Structures are given as C-alpha cells and as structure tokens.
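S.K.: Sharing data.pdb below, PDB, C-alpha atoms and all ligand atoms:
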```pdb
MODEL        1
ATOM      1  CA  MET S   1     -30.127 -11.510 -17.494
ATOM      2  CA  PHE S   2     -30.812 -14.777 -15.723
ATOM      3  CA  GLY S   3     -28.157 -17.439 -16.153
ATOM      4  CA  LEU S   4     -25.213 -15.092 -16.686
ATOM      5  CA  PHE S   5     -23.144 -17.019 -14.208
ATOM      6  CA  LYS S   6     -23.828 -20.421 -15.704
ATOM      7  CA  LYS S   7     -20.530 -20.525 -17.540
ATOM      8  CA  ALA S   8     -18.698 -19.863 -14.315
ATOM      9  CA  LEU S   9     -20.713 -22.373 -12.396
ATOM     10  CA  ASN S  10     -20.767 -25.371 -14.753
ATOM     11  CA  LYS S  11     -18.068 -27.273 -12.963
ATOM     12  CA  THR S  12     -19.221 -26.242  -9.508
ATOM     13  CA  LYS S  13     -22.715 -27.443 -10.308
ATOM     14  CA  GLU S  14     -21.391 -30.778 -11.516
ATOM     15  CA  ALA S  15     -19.604 -31.134  -8.199
ATOM     16  CA  LEU S  16     -22.760 -30.207  -6.299
ATOM     17  CA  GLN S  17     -24.796 -32.703  -8.276
ATOM     18  CA  THR S  18     -22.492 -35.552  -7.387
ATOM     19  CA  VAL S  19     -23.606 -34.919  -3.822
ATOM     20  CA  VAL S  20     -27.184 -33.759  -4.254
ATOM     21  CA  GLY S  21     -28.053 -35.964  -7.235
ATOM     22  CA  THR S  22     -29.520 -34.784 -10.521
ATOM     23  CA  GLU S  23     -33.155 -35.132  -9.493
ATOM     24  CA  LYS S  24     -34.844 -31.815  -8.814
ATOM     25  CA  LYS S  25     -35.797 -32.381  -5.217
ATOM     26  CA  GLU S  26     -38.033 -29.930  -3.394
ATOM     27  CA  LYS S  27     -36.321 -30.461  -0.070
ATOM     28  CA  LEU S  28     -32.770 -31.282   0.819
ATOM     29  CA  SER S  29     -31.414 -32.718   4.011
ATOM     30  CA  LYS S  30     -29.099 -30.675   6.155
ATOM     31  CA  GLU S  31     -26.301 -33.246   5.777
ATOM     32  CA  ILE S  32     -26.496 -33.179   1.991
ATOM     33  CA  ILE S  33     -26.377 -29.384   1.983
ATOM     34  CA  GLU S  34     -23.359 -29.341   4.242
ATOM     35  CA  GLU S  35     -21.485 -31.823   2.075
ATOM     36  CA  ALA S  36     -22.452 -30.045  -1.151
ATOM     37  CA  LEU S  37     -21.334 -26.607   0.024
ATOM     38  CA  LEU S  38     -18.018 -27.966   1.240
ATOM     39  CA  GLU S  39     -17.589 -29.804  -2.068
ATOM     40  CA  ALA S  40     -18.007 -26.439  -3.852
ATOM     41  CA  ASP S  41     -15.165 -25.076  -1.709
ATOM     42  CA  MET S  42     -17.199 -22.799   0.498
ATOM     43  CA  ASP S  43     -15.147 -22.332   3.620
ATOM     44  CA  TYR S  44     -15.853 -24.577   6.593
ATOM     45  CA  ASP S  45     -16.814 -21.901   9.134
ATOM     46  CA  LEU S  46     -19.249 -20.313   6.747
ATOM     47  CA  VAL S  47     -20.856 -23.659   5.906
ATOM     48  CA  GLU S  48     -21.232 -24.407   9.614
ATOM     49  CA  LYS S  49     -22.856 -21.026  10.236
ATOM     50  CA  ILE S  50     -25.330 -21.550   7.419
ATOM     51  CA  VAL S  51     -26.125 -25.161   8.266
ATOM     52  CA  SER S  52     -26.472 -24.621  12.010
ATOM     53  CA  LYS S  53     -29.536 -22.452  11.452
ATOM     54  CA  LEU S  54     -31.295 -24.828   9.073
ATOM     55  CA  PRO S  55     -34.055 -27.315   9.946
ATOM     56  CA  ASP S  56     -33.437 -31.001   9.069
ATOM     57  CA  GLU S  57     -35.202 -30.696   5.730
ATOM     58  CA  VAL S  58     -34.760 -27.517   3.755
ATOM     59  CA  SER S  59     -36.372 -26.096   0.635
ATOM     60  CA  LYS S  60     -34.084 -24.554  -1.949
ATOM     61  CA  ASP S  61     -35.758 -21.226  -1.422
ATOM     62  CA  LYS S  62     -35.001 -21.247   2.286
ATOM     63  CA  LEU S  63     -31.420 -22.287   1.560
ATOM     64  CA  ARG S  64     -31.078 -19.477  -1.000
ATOM     65  CA  LYS S  65     -32.215 -16.927   1.588
ATOM     66  CA  GLU S  66     -29.902 -18.319   4.222
ATOM     67  CA  ILE S  67     -26.858 -18.228   1.915
ATOM     68  CA  LEU S  68     -27.655 -14.676   0.846
ATOM     69  CA  TRP S  69     -27.932 -13.624   4.465
ATOM     70  CA  TYR S  70     -24.345 -14.716   5.010
ATOM     71  CA  PHE S  71     -23.109 -13.425   1.665
ATOM     72  CA  ASP S  72     -21.724 -10.310   3.170
ATOM     73  CA  THR S  73     -20.789  -8.253   0.167
ATOM     74  CA  PRO S  74     -22.523  -5.181  -1.194
ATOM     75  CA  ASN S  75     -23.645  -5.263  -4.835
ATOM     76  CA  ASN S  76     -21.519  -2.260  -5.732
ATOM     77  CA  LYS S  77     -21.383  -1.181  -9.313
ATOM     78  CA  ILE S  78     -18.635   0.948 -10.729
ATOM     79  CA  GLU S  79     -19.960   4.275 -11.850
ATOM     80  CA  ILE S  80     -17.682   6.217 -14.161
ATOM     81  CA  ASN S  81     -18.322   9.689 -12.785
ATOM     82  CA  ASP S  82     -15.090  11.530 -13.509
ATOM     83  CA  LYS S  83     -12.777  12.110 -16.438
ATOM     84  CA  PRO S  84     -10.294  10.605 -16.605
ATOM     85  CA  TYR S  85     -11.431   7.793 -14.331
ATOM     86  CA  VAL S  86      -8.332   5.930 -13.198
ATOM     87  CA  PHE S  87      -8.153   2.250 -12.289
ATOM     88  CA  LEU S  88      -5.127   0.762 -10.598
ATOM     89  CA  ILE S  89      -5.094  -2.990 -11.085
ATOM     90  CA  ILE S  90      -3.221  -4.934  -8.422
ATOM     91  CA  GLY S  91      -2.685  -8.597  -7.556
ATOM     92  CA  VAL S  92      -0.167 -11.396  -7.573
ATOM     93  CA  ASN S  93       1.472 -12.440 -10.863
ATOM     94  CA  GLY S  94      -0.608 -14.942 -12.770
ATOM     95  CA  ALA S  95      -3.898 -13.925 -11.143
ATOM     96  CA  GLY S  96      -5.132 -12.511 -14.433
ATOM     97  CA  LYS S  97      -4.373  -8.786 -14.190
ATOM     98  CA  THR S  98      -3.330  -8.253 -17.806
ATOM     99  CA  THR S  99      -6.193 -10.282 -19.233
ATOM    100  CA  THR S 100      -8.710  -8.524 -16.999
ATOM    101  CA  ILE S 101      -7.388  -5.097 -18.034
ATOM    102  CA  ALA S 102      -7.954  -6.094 -21.664
ATOM    103  CA  LYS S 103     -11.477  -7.283 -20.864
ATOM    104  CA  LEU S 104     -12.284  -4.040 -19.039
ATOM    105  CA  ALA S 105     -10.847  -1.930 -21.875
ATOM    106  CA  HIS S 106     -12.961  -3.895 -24.358
ATOM    107  CA  LYS S 107     -16.090  -3.485 -22.240
ATOM    108  CA  PHE S 108     -15.642   0.267 -21.795
ATOM    109  CA  LYS S 109     -14.910   0.728 -25.492
ATOM    110  CA  LYS S 110     -18.107  -1.127 -26.359
ATOM    111  CA  GLU S 111     -19.918   1.359 -24.114
ATOM    112  CA  GLY S 112     -18.512   4.165 -26.241
ATOM    113  CA  LYS S 113     -15.815   5.322 -23.849
ATOM    114  CA  SER S 114     -12.197   6.042 -24.718
ATOM    115  CA  VAL S 115      -9.523   4.083 -22.883
ATOM    116  CA  ILE S 116      -5.759   4.239 -22.340
ATOM    117  CA  LEU S 117      -3.588   1.536 -20.770
ATOM    118  CA  GLY S 118      -0.527   2.061 -18.567
ATOM    119  CA  ALA S 119       2.085  -0.706 -18.405
ATOM    120  CA  ALA S 120       3.375  -0.001 -14.894
ATOM    121  CA  ASP S 121       4.508  -3.571 -14.280
ATOM    122  CA  THR S 122       7.931  -2.604 -15.577
ATOM    123  CA  PHE S 123       9.615  -5.382 -13.615
ATOM    124  CA  ARG S 124       8.602  -8.102 -16.048
ATOM    125  CA  ALA S 125       9.408  -7.514 -19.703
ATOM    126  CA  ALA S 126       6.783 -10.130 -20.575
ATOM    127  CA  ALA S 127       4.084  -8.137 -18.789
ATOM    128  CA  ILE S 128       4.813  -5.039 -20.922
ATOM    129  CA  GLU S 129       4.753  -7.152 -24.101
ATOM    130  CA  GLN S 130       1.555  -8.901 -23.124
ATOM    131  CA  LEU S 131      -0.267  -5.678 -22.297
ATOM    132  CA  SER S 132       0.976  -4.145 -25.574
ATOM    133  CA  LYS S 133      -0.485  -7.078 -27.496
ATOM    134  CA  TRP S 134      -3.820  -6.611 -25.784
ATOM    135  CA  ALA S 135      -3.722  -2.874 -26.501
ATOM    136  CA  GLU S 136      -3.333  -3.706 -30.190
ATOM    137  CA  ILE S 137      -6.146  -6.248 -30.156
ATOM    138  CA  VAL S 138      -8.555  -3.965 -28.303
ATOM    139  CA  ASN S 139      -7.243  -1.009 -30.288
ATOM    140  CA  VAL S 140      -6.471   1.369 -27.445
ATOM    141  CA  PRO S 141      -3.341   3.468 -26.812
ATOM    142  CA  ILE S 142      -0.782   2.297 -24.258
ATOM    143  CA  ILE S 143       1.909   4.130 -22.286
ATOM    144  CA  LYS S 144       4.981   2.024 -21.605
ATOM    145  CA  THR S 145       8.689   2.279 -21.002
ATOM    146  CA  LYS S 146      11.546  -0.149 -21.110
ATOM    147  CA  HIS S 147      11.695  -3.053 -18.719
ATOM    148  CA  GLY S 148      13.163  -1.890 -15.397
ATOM    149  CA  HIS S 149      12.156   1.768 -15.680
ATOM    150  CA  ASP S 150      10.197   3.585 -12.987
ATOM    151  CA  PRO S 151       6.595   2.295 -12.772
ATOM    152  CA  ALA S 152       5.481   5.514 -11.055
ATOM    153  CA  ALA S 153       6.676   7.501 -14.073
ATOM    154  CA  VAL S 154       4.594   5.289 -16.382
ATOM    155  CA  THR S 155       1.603   5.869 -14.113
ATOM    156  CA  TYR S 156       2.121   9.630 -14.227
ATOM    157  CA  ASP S 157       2.506   9.656 -18.007
ATOM    158  CA  THR S 158      -0.599   7.505 -18.496
ATOM    159  CA  ILE S 159      -2.802   9.797 -16.426
ATOM    160  CA  ALA S 160      -1.247  12.963 -17.883
ATOM    161  CA  SER S 161      -1.841  11.606 -21.382
ATOM    162  CA  ALA S 162      -5.460  10.738 -20.536
ATOM    163  CA  LYS S 163      -5.976  14.291 -19.278
ATOM    164  CA  ALA S 164      -4.294  15.919 -22.251
ATOM    165  CA  LYS S 165      -6.211  13.850 -24.811
ATOM    166  CA  GLY S 166      -9.568  13.890 -23.025
ATOM    167  CA  ILE S 167      -9.595  10.111 -22.567
ATOM    168  CA  ASP S 168     -12.368   8.748 -20.346
ATOM    169  CA  ILE S 169     -10.658   5.848 -18.621
ATOM    170  CA  ALA S 170      -7.094   4.868 -17.682
ATOM    171  CA  LEU S 171      -6.348   1.262 -16.718
ATOM    172  CA  ILE S 172      -2.973   0.808 -15.052
ATOM    173  CA  ASP S 173      -1.248  -2.550 -14.663
ATOM    174  CA  THR S 174       1.105  -2.991 -11.688
ATOM    175  CA  ALA S 175       3.726  -5.465 -10.514
ATOM    176  CA  GLY S 176       2.681  -8.476  -8.469
ATOM    177  CA  ARG S 177       5.841  -9.989  -7.028
ATOM    178  CA  LEU S 178       4.878 -10.737  -3.463
ATOM    179  CA  HIS S 179       8.171 -12.391  -2.493
ATOM    180  CA  ASN S 180       9.629  -8.962  -1.819
ATOM    181  CA  LYS S 181       6.833  -7.390   0.149
ATOM    182  CA  ILE S 182       8.639  -4.227   1.253
ATOM    183  CA  ASN S 183       9.773  -3.398  -2.284
ATOM    184  CA  LEU S 184       6.318  -4.040  -3.635
ATOM    185  CA  GLN S 185       4.721  -1.939  -0.928
ATOM    186  CA  ASN S 186       7.090   0.969  -1.633
ATOM    187  CA  GLU S 187       6.497   0.660  -5.345
ATOM    188  CA  LEU S 188       2.707   0.582  -5.059
ATOM    189  CA  LYS S 189       2.646   3.450  -2.571
ATOM    190  CA  LYS S 190       4.793   5.541  -4.847
ATOM    191  CA  ILE S 191       2.500   4.726  -7.770
ATOM    192  CA  VAL S 192      -0.529   5.922  -5.781
ATOM    193  CA  ASN S 193       1.242   9.125  -4.669
ATOM    194  CA  VAL S 194       2.405   9.926  -8.165
ATOM    195  CA  ALA S 195      -1.049   9.151  -9.586
ATOM    196  CA  LYS S 196      -2.427  11.836  -7.246
ATOM    197  CA  LYS S 197       0.182  14.278  -8.508
ATOM    198  CA  ALA S 198      -0.944  13.632 -12.062
ATOM    199  CA  TYR S 199      -4.610  14.002 -11.088
ATOM    200  CA  GLU S 200      -5.777  14.696  -7.541
ATOM    201  CA  ASN S 201      -8.768  12.305  -7.739
ATOM    202  CA  ALA S 202      -6.702   9.376  -8.975
ATOM    203  CA  PRO S 203      -6.731   6.478  -8.527
ATOM    204  CA  HIS S 204     -10.529   6.288  -8.441
ATOM    205  CA  LYS S 205     -10.573   2.536  -7.971
ATOM    206  CA  VAL S 206      -7.865   0.180  -6.789
ATOM    207  CA  ILE S 207      -8.988  -3.261  -7.929
ATOM    208  CA  LEU S 208      -7.559  -6.462  -6.587
ATOM    209  CA  ILE S 209      -7.501  -9.375  -9.025
ATOM    210  CA  ILE S 210      -7.878 -12.784  -7.374
ATOM    211  CA  ASP S 211      -7.513 -16.210  -8.980
ATOM    212  CA  GLY S 212     -10.697 -18.054  -7.989
ATOM    213  CA  THR S 213      -9.102 -21.467  -8.420
ATOM    214  CA  GLN S 214      -6.367 -21.066  -5.830
ATOM    215  CA  GLY S 215      -8.368 -21.323  -2.609
ATOM    216  CA  SER S 216      -6.916 -20.072   0.649
ATOM    217  CA  SER S 217      -3.461 -19.270  -0.755
ATOM    218  CA  ALA S 218      -5.009 -16.736  -3.146
ATOM    219  CA  ILE S 219      -7.058 -15.264  -0.321
ATOM    220  CA  ASN S 220      -4.000 -14.881   1.880
ATOM    221  CA  GLN S 221      -2.061 -13.196  -0.914
ATOM    222  CA  ALA S 222      -5.018 -10.898  -1.560
ATOM    223  CA  LYS S 223      -5.072  -9.965   2.117
ATOM    224  CA  VAL S 224      -1.418  -8.915   1.902
ATOM    225  CA  PHE S 225      -2.195  -6.638  -1.062
ATOM    226  CA  LYS S 226      -5.177  -5.211   0.789
ATOM    227  CA  GLU S 227      -2.962  -4.505   3.793
ATOM    228  CA  ILE S 228      -0.073  -2.919   1.971
ATOM    229  CA  ILE S 229      -1.985  -0.680  -0.389
ATOM    230  CA  GLY S 230      -5.731  -0.992   0.245
ATOM    231  CA  ALA S 231      -8.351  -1.892  -2.340
ATOM    232  CA  ASP S 232     -11.836  -0.735  -3.267
ATOM    233  CA  GLY S 233     -13.048  -4.038  -4.622
ATOM    234  CA  VAL S 234     -12.116  -7.289  -6.314
ATOM    235  CA  ILE S 235     -12.453  -9.139  -9.579
ATOM    236  CA  ILE S 236     -12.341 -12.918  -9.230
ATOM    237  CA  THR S 237     -10.887 -14.692 -12.290
ATOM    238  CA  LYS S 238     -10.868 -18.193 -13.790
ATOM    239  CA  LEU S 239     -14.193 -19.246 -12.341
ATOM    240  CA  ASP S 240     -14.943 -21.056 -15.611
ATOM    241  CA  GLY S 241     -12.249 -23.621 -14.981
ATOM    242  CA  THR S 242     -13.068 -24.614 -11.439
ATOM    243  CA  ALA S 243     -15.476 -26.716  -9.420
ATOM    244  CA  LYS S 244     -14.845 -24.320  -6.583
ATOM    245  CA  GLY S 245     -17.417 -21.592  -7.179
ATOM    246  CA  GLY S 246     -17.988 -21.535  -3.430
ATOM    247  CA  SER S 247     -14.681 -19.716  -3.151
ATOM    248  CA  VAL S 248     -16.543 -16.563  -4.178
ATOM    249  CA  PHE S 249     -18.339 -16.572  -0.818
ATOM    250  CA  THR S 250     -15.130 -17.148   1.075
ATOM    251  CA  ILE S 251     -13.332 -14.359  -0.763
ATOM    252  CA  ALA S 252     -16.230 -11.975  -0.137
ATOM    253  CA  ASN S 253     -16.426 -12.780   3.547
ATOM    254  CA  GLU S 254     -12.710 -12.831   4.231
ATOM    255  CA  LEU S 255     -11.838  -9.651   2.366
ATOM    256  CA  ARG S 256     -15.039  -7.705   2.980
ATOM    257  CA  LEU S 257     -14.753  -5.987  -0.359
ATOM    258  CA  PRO S 258     -17.296  -5.668  -3.148
ATOM    259  CA  ILE S 259     -16.952  -8.085  -6.058
ATOM    260  CA  TYR S 260     -17.251  -5.963  -9.199
ATOM    261  CA  TYR S 261     -16.842  -8.616 -11.878
ATOM    262  CA  ILE S 262     -15.907 -12.233 -12.332
ATOM    263  CA  GLY S 263     -13.716 -13.672 -15.086
ATOM    264  CA  VAL S 264     -15.240 -16.643 -16.895
ATOM    265  CA  GLY S 265     -12.708 -17.366 -19.631
ATOM    266  CA  GLU S 266      -9.698 -16.103 -21.539
ATOM    267  CA  LYS S 267     -11.575 -14.130 -24.198
ATOM    268  CA  LEU S 268     -12.381 -10.425 -24.179
ATOM    269  CA  ASP S 269     -16.073 -10.922 -23.545
ATOM    270  CA  ASP S 270     -15.529 -13.331 -20.666
ATOM    271  CA  LEU S 271     -16.176 -10.800 -17.926
ATOM    272  CA  VAL S 272     -19.481 -10.724 -16.067
ATOM    273  CA  GLU S 273     -20.736  -8.008 -13.764
ATOM    274  CA  PHE S 274     -21.270  -9.574 -10.365
ATOM    275  CA  ASN S 275     -24.623  -9.764  -8.660
ATOM    276  CA  LYS S 276     -24.942 -11.907  -5.570
ATOM    277  CA  GLU S 277     -28.640 -12.757  -5.921
ATOM    278  CA  GLU S 278     -28.165 -13.995  -9.487
ATOM    279  CA  PHE S 279     -25.043 -15.864  -8.503
ATOM    280  CA  VAL S 280     -26.818 -17.737  -5.707
ATOM    281  CA  ASN S 281     -29.864 -18.371  -7.897
ATOM    282  CA  ASP S 282     -27.745 -19.862 -10.646
ATOM    283  CA  LEU S 283     -25.816 -21.974  -8.177
ATOM    284  CA  LEU S 284     -28.917 -23.473  -6.592
ATOM    285  CA  GLU S 285     -31.110 -23.597  -9.667
TER     286      GLU S 285
HETATM  287  P1  LIG U 301      -1.176 -11.547 -14.685
HETATM  288  O1  LIG U 301       0.191 -12.137 -14.481
HETATM  289  O2  LIG U 301      -1.846 -11.255 -13.384
HETATM  290  O3  LIG U 301      -1.184 -10.362 -15.604
HETATM  291  O4  LIG U 301      -2.068 -12.699 -15.342
HETATM  292  P2  LIG U 301      -2.502 -12.914 -16.865
HETATM  293  O5  LIG U 301      -3.516 -11.911 -17.273
HETATM  294  O6  LIG U 301      -1.307 -13.070 -17.698
HETATM  295  O7  LIG U 301      -3.272 -14.297 -16.721
HETATM  296  C1  LIG U 301      -2.616 -15.502 -16.378
HETATM  297  C2  LIG U 301      -3.279 -16.660 -17.141
HETATM  298  O8  LIG U 301      -4.632 -16.807 -16.697
HETATM  299  C3  LIG U 301      -3.362 -16.445 -18.645
HETATM  300  O9  LIG U 301      -3.085 -17.666 -19.300
HETATM  301  C4  LIG U 301      -4.802 -16.019 -18.878
HETATM  302  O10 LIG U 301      -5.269 -16.372 -20.152
HETATM  303  C5  LIG U 301      -5.528 -16.803 -17.796
HETATM  304  N1  LIG U 301      -6.786 -16.168 -17.381
HETATM  305  C6  LIG U 301      -7.008 -14.920 -16.931
HETATM  306  N2  LIG U 301      -8.304 -14.732 -16.607
HETATM  307  C7  LIG U 301      -8.931 -15.916 -16.857
HETATM  308  C8  LIG U 301     -10.301 -16.378 -16.704
HETATM  309  O11 LIG U 301     -11.227 -15.685 -16.261
HETATM  310  N3  LIG U 301     -10.531 -17.695 -17.071
HETATM  311  C9  LIG U 301      -9.553 -18.506 -17.542
HETATM  312  N4  LIG U 301      -9.879 -19.756 -17.856
HETATM  313  N5  LIG U 301      -8.278 -18.103 -17.669
HETATM  314  C10 LIG U 301      -7.964 -16.828 -17.345
ENDMDL
END
```
Represent the supplied structure as structure tokens.

M.R.:
Amino acid sequence: MFGLFKKALNKTKEALQTVVGTEKKEKLSKEIIEEALLEADMDYDLVEKIVSKLPDEVSKDKLRKEILWYFDTPNNKIEINDKPYVFLIIGVNGAGKTTTIAKLAHKFKKEGKSVILGAADTFRAAAIEQLSKWAEIVNVPIIKTKHGHDPAAVTYDTIASAKAKGIDIALIDTAGRLHNKINLQNELKKIVNVAKKAYENAPHKVILIIDGTQGSSAINQAKVFKEIIGADGVIITKLDGTAKGGSVFTIANELRLPIYYIGVGEKLDDLVEFNKEEFVNDLLE
C-alpha cells in the first residue's frame, strides 16, 4: 500500500525539494526543516512546536516521529455496520461535495454494496443536475425533487427508499451557502431531525468536505459548519493540485476530527483512504 499518497503529494514534494534539495541527505538542519514545512503550508504554530523540540541536525526518522507526535488525528476508518447506513455530506459550495459523493458511491459499489443518492441541495438547480449525472455514471438510483423544494423531504424520501428497497448505503448531498448562516443552520438541523424520523440511527456519519487548496479560509468555513451542525469527520479534496499538502496537518489539528479520505483528482477512483503514518512517510520519503 506504500506510496498511495504520492499523487496527492507530488506538488508538495516539489516545493519541499526546492528548500531541502534533491539529494537524499541523512540529516537535515533545523532551519531547513522549518522553511520546508512552512513552504508546504503547515501552519506556523505547528511548525514552531515541532521545530522547537528538534536538535540542530535531525535525521528523517526523528523528524517523522516528531511530526506524527503532533499529528493529532485518530486513524478512524468508517465501518458500515448498519443498514441503511446514512451519510450526510456537508461543506461549502465548490469544496467537492458532489464529486466526493460520486467517488464514495463508486467505492461502495465496487465493494459489492448497494447505494442510493439523495439530492438535498435543492437550492442550486445545477447541484441536482450534477448529482443526477453522477448517479447515471456510477449507475445508482437517486432521489431528487425540483429546485427550491424542501431538502428535508428529499432526505426523508432517500432514507425511506433505502429502507424499503434494502439498500445498504445512502449518500445525501446538502446545500453549502454559508453567506446566510442562520438559514443554512436551520436547513441542516431540519435535515438531521427529519433523517432521524425516517430512521432513528440516521445520519450515521456527517462528513465535512474541505478544499485542501484554500488554506485558512477553508478551515474557517469548515469550523462554521462544525459549529452549526457538528461533524464526525472530514474528507480533504483537491490535494493533487496543490503544493500545500501541509494543510492536512493544519486541518487535522484545528478541527480535531478524523480524516477519512482525501481527494486526489476529479475521477471516480481518485479517493484514497487516509492513514497518517503513510501520509507522513510519503511526504518525507
Ligand atoms: P460542490 O459544489 O461542493 O458539490 O463541489 P463539486 O463536487 O462540484 O466540485 C467542485 C470542483 O472541484 C469540480 O470541478 C470538481 O471536479 C473539482 N474537484 C472535486 N474534488 C477534486 C479533487 O480531489 N481533485 C481535483 N483536482 N478536483 C476536484
């Protein structure tokens, strides 16, 4: 499984190498490490914490251990232990919710599970269309209504349909318009309440989708979502297109939520289960 994160880390590693050099050195100076981690967009306080404990010359192995020590996120895997198992996918528009839902549907189908999608971002007509296209491509059923209809009703119908048809997994898209926080909060709360009416254990996982290229603005938006509705874990997207792989550490430490997967491209297979040891190994390799 080694090297799974390479695609996500290509650009970050290039950025690191401009600082560290391409030679495989056994030991690195503290200054070089500090500059390299900042270059990869790891947040300043975290870099200072890591660097302050290091001797002047550091082996990569020591550095790996030190980074892992501060990488404060559990390696939580999602275990599908109920039927239907309901995911509520939240996050700001453009973060990659729809694409990630398609990737998850594809992954679960490959594992032999049945999947249904719920288009509960009824605010944007384009979101319903986009999710419908993905449903066709992945070949899974979708519950949707017209643009502007009640998203909680779509949520209810999706879960009820999953129950009635014996479908394993329901993936529900939600709206992400943060400019009207109170409306969004009411809408998401209602969705959660109605989900529980459809099935008392739902939603099993509320997953926050975060654009890994957007730095602190994405983290602040994610914090608002976490505050208004709560989340069980995150999926960080678009790590293939960025030299800022260090943002993963910042997101983990700021949000204190497990990272379930990372998005490494726009295709269905571009979703990688997250593992912090492998991630750090690949970064420092
Ligand atoms: P939504 O508004 O949150 O539903 O976001 P979308 O799923 O529509 O994604 C917004 C854009 O980001 C689209 O152009 C996607 O193709 C792109 N995207 C999503 N995930 C990834 C990823 O992991 N890598 C890359 N490179 N692009 C992504």

S.K.: Taking (-21.7, -17.7, -15.0) in the coordinates of the supplied file, I want to know which residues reach to within 10 Å of it, counting all atoms listed in the file; could you give the answer as a list of chain:residue names?

M.R.: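 Applying the cut-off with all atoms listed in the file, one gets S:Phe2, S:Gly3, S:Leu4, S:Phe5, S:Lys6, S:Lys7, S:Ala8, S:Leu9, S:Asn10, S:Leu239, S:Asp240, S:Gly245, S:Ile262, S:Gly263, S:Val264, S:Asp270, S:Leu271, S:Val272, S:Glu273, S:Phe274, S:Glu278, S:Phe279, S:Asp282, S:Leu283.
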
S.K.: Produce as a tab-separated table (two decimals) with C-alpha atoms, keeping the file's coordinate frame the set of residues near ligand LIG 301 (chain U), where near means within 8 Å with only C-alpha atoms and all ligand atoms considered.

M.R.:
```tsv
chain	number	residue	atom	x	y	z
S	91	GLY	CA	-2.68	-8.60	-7.56
S	92	VAL	CA	-0.17	-11.40	-7.57
S	93	ASN	CA	1.47	-12.44	-10.86
S	94	GLY	CA	-0.61	-14.94	-12.77
S	95	ALA	CA	-3.90	-13.92	-11.14
S	96	GLY	CA	-5.13	-12.51	-14.43
S	97	LYS	CA	-4.37	-8.79	-14.19
S	98	THR	CA	-3.33	-8.25	-17.81
S	99	THR	CA	-6.19	-10.28	-19.23
S	100	THR	CA	-8.71	-8.52	-17.00
S	101	ILE	CA	-7.39	-5.10	-18.03
S	127	ALA	CA	4.08	-8.14	-18.79
S	130	GLN	CA	1.56	-8.90	-23.12
S	173	ASP	CA	-1.25	-2.55	-14.66
S	176	GLY	CA	2.68	-8.48	-8.47
S	209	ILE	CA	-7.50	-9.38	-9.02
S	211	ASP	CA	-7.51	-16.21	-8.98
S	236	ILE	CA	-12.34	-12.92	-9.23
S	237	THR	CA	-10.89	-14.69	-12.29
S	238	LYS	CA	-10.87	-18.19	-13.79
S	239	LEU	CA	-14.19	-19.25	-12.34
S	240	ASP	CA	-14.94	-21.06	-15.61
S	241	GLY	CA	-12.25	-23.62	-14.98
S	262	ILE	CA	-15.91	-12.23	-12.33
S	263	GLY	CA	-13.72	-13.67	-15.09
S	264	VAL	CA	-15.24	-16.64	-16.90
S	265	GLY	CA	-12.71	-17.37	-19.63
S	266	GLU	CA	-9.70	-16.10	-21.54
S	267	LYS	CA	-11.58	-14.13	-24.20
S	270	ASP	CA	-15.53	-13.33	-20.67
S	271	LEU	CA	-16.18	-10.80	-17.93
```

S.K.: Could you tell me which residues the PyMOL selection byres (((chain S and resi 147) around 10) and not hetatm) returns for this structure, as JSON, numbers by chain?

M.R.: {"S": [119, 120, 121, 122, 123, 124, 125, 126, 127, 128, 129, 144, 145, 146, 148, 149, 150, 151]}

S.K.: For CA of Leu28 (chain S) and CA of Asp61 (chain S), determine how far apart the two atoms are, in Å to one decimal place.

M.R.: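 Computing it gives 10.7 Å between the two atoms.
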
S.K.: Here's the selection I'm unsure about, the PyMOL selection byres (((chain S and resi 33) around 10) and not hetatm); applied to the file above, which residues does it give, as a ChimeraX atom specification?

M.R.: /S:16,19-20,28-32,34-39,47,50-51,54,57-58,60,63

S.K.: Taking all atoms listed in the file into account, which of S:Leu268, S:Ile90, S:Ala15, S:Val280 comes nearest Leu188 (chain S)?

M.R.: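 Using all atoms listed in the file, the shortest distance to Leu188 (chain S) belongs to S:Ile90.
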
S.K.: What is the CA of Leu68 (chain S)-CA of Asp56 (chain S) distance in Å, reported with one decimal?

M.R.: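 Rounded to one decimal, the two atoms are 19.2 Å apart.
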
S.K.: The centre and edge lengths of an axis-aligned box containing all atoms of region 245-258 of chain S present in the file, extended by 6 Å on each side, are to be given in Å to one decimal, as lines of an AutoDock Vina configuration file.

M.R.:
```
center_x = -15.1
center_y = -13.6
center_z = -1.5
size_x = 18.5
size_y = 27.9
size_z = 23.4
```

S.K.: Counting all atoms listed in the file, which of S:Val234, S:Lys107, S:Ala175, S:Glu254 gets nearest to Glu187 (chain S)?

M.R.: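 With all atoms listed in the file as the atom set, the closest residue is S:Ala175.
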
S.K.: Would you pick out the contacts of Ile169 (chain S) at 6 Å or less, using only C-alpha atoms, so that residues sharing its chain but fewer than 3 positions from it are not included, and give the list as a list in words?

M.R.: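 In the requested format, the answer is Pro84, Tyr85, Val86 and Val115 of chain S.
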
S.K.: Ranking S:Ala152, S:Ala243, S:Ala218, S:Ile159 by minimum distance to Thr18 (chain S) and counting all atoms listed in the file, which one comes first?

M.R.: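 Smallest separation from Thr18 (chain S) among the options: S:Ala243.
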
S.K.: Could you check the closest approach to Phe87 (chain S) for each of S:Leu117, S:Asp41, S:Gly230, S:Ile259 and tell me which residue wins, using all atoms listed in the file?

M.R.: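 With all atoms listed in the file as the atom set, the closest residue is S:Leu117.
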
S.K.: Counting only C-alpha atoms, figure out which residue out of S:Gly166, S:Gly118, S:Gly246, S:Gly233 gets nearest to Val154 (chain S).

M.R.: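 Answer, going by the shortest atom-to-atom distance: S:Gly118.
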
S.K.: Choose the residue, out of S:Ile116, S:Ala102, S:Ile235, S:Leu284, that has the smallest atom-to-atom separation from Ile67 (chain S); count all atoms listed in the file.

M.R.: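 Of the candidates, the smallest distance to Ile67 (chain S) is held by S:Leu284.
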
S.K.: Please enumerate the residues selected by the PyMOL selection byres (((chain S and resi 161) around 10) and not hetatm) when evaluated against the supplied file, formatted as a PyMOL selection string.

M.R.: chain S and resi 84+116+141-143+155-160+162-167+170+198
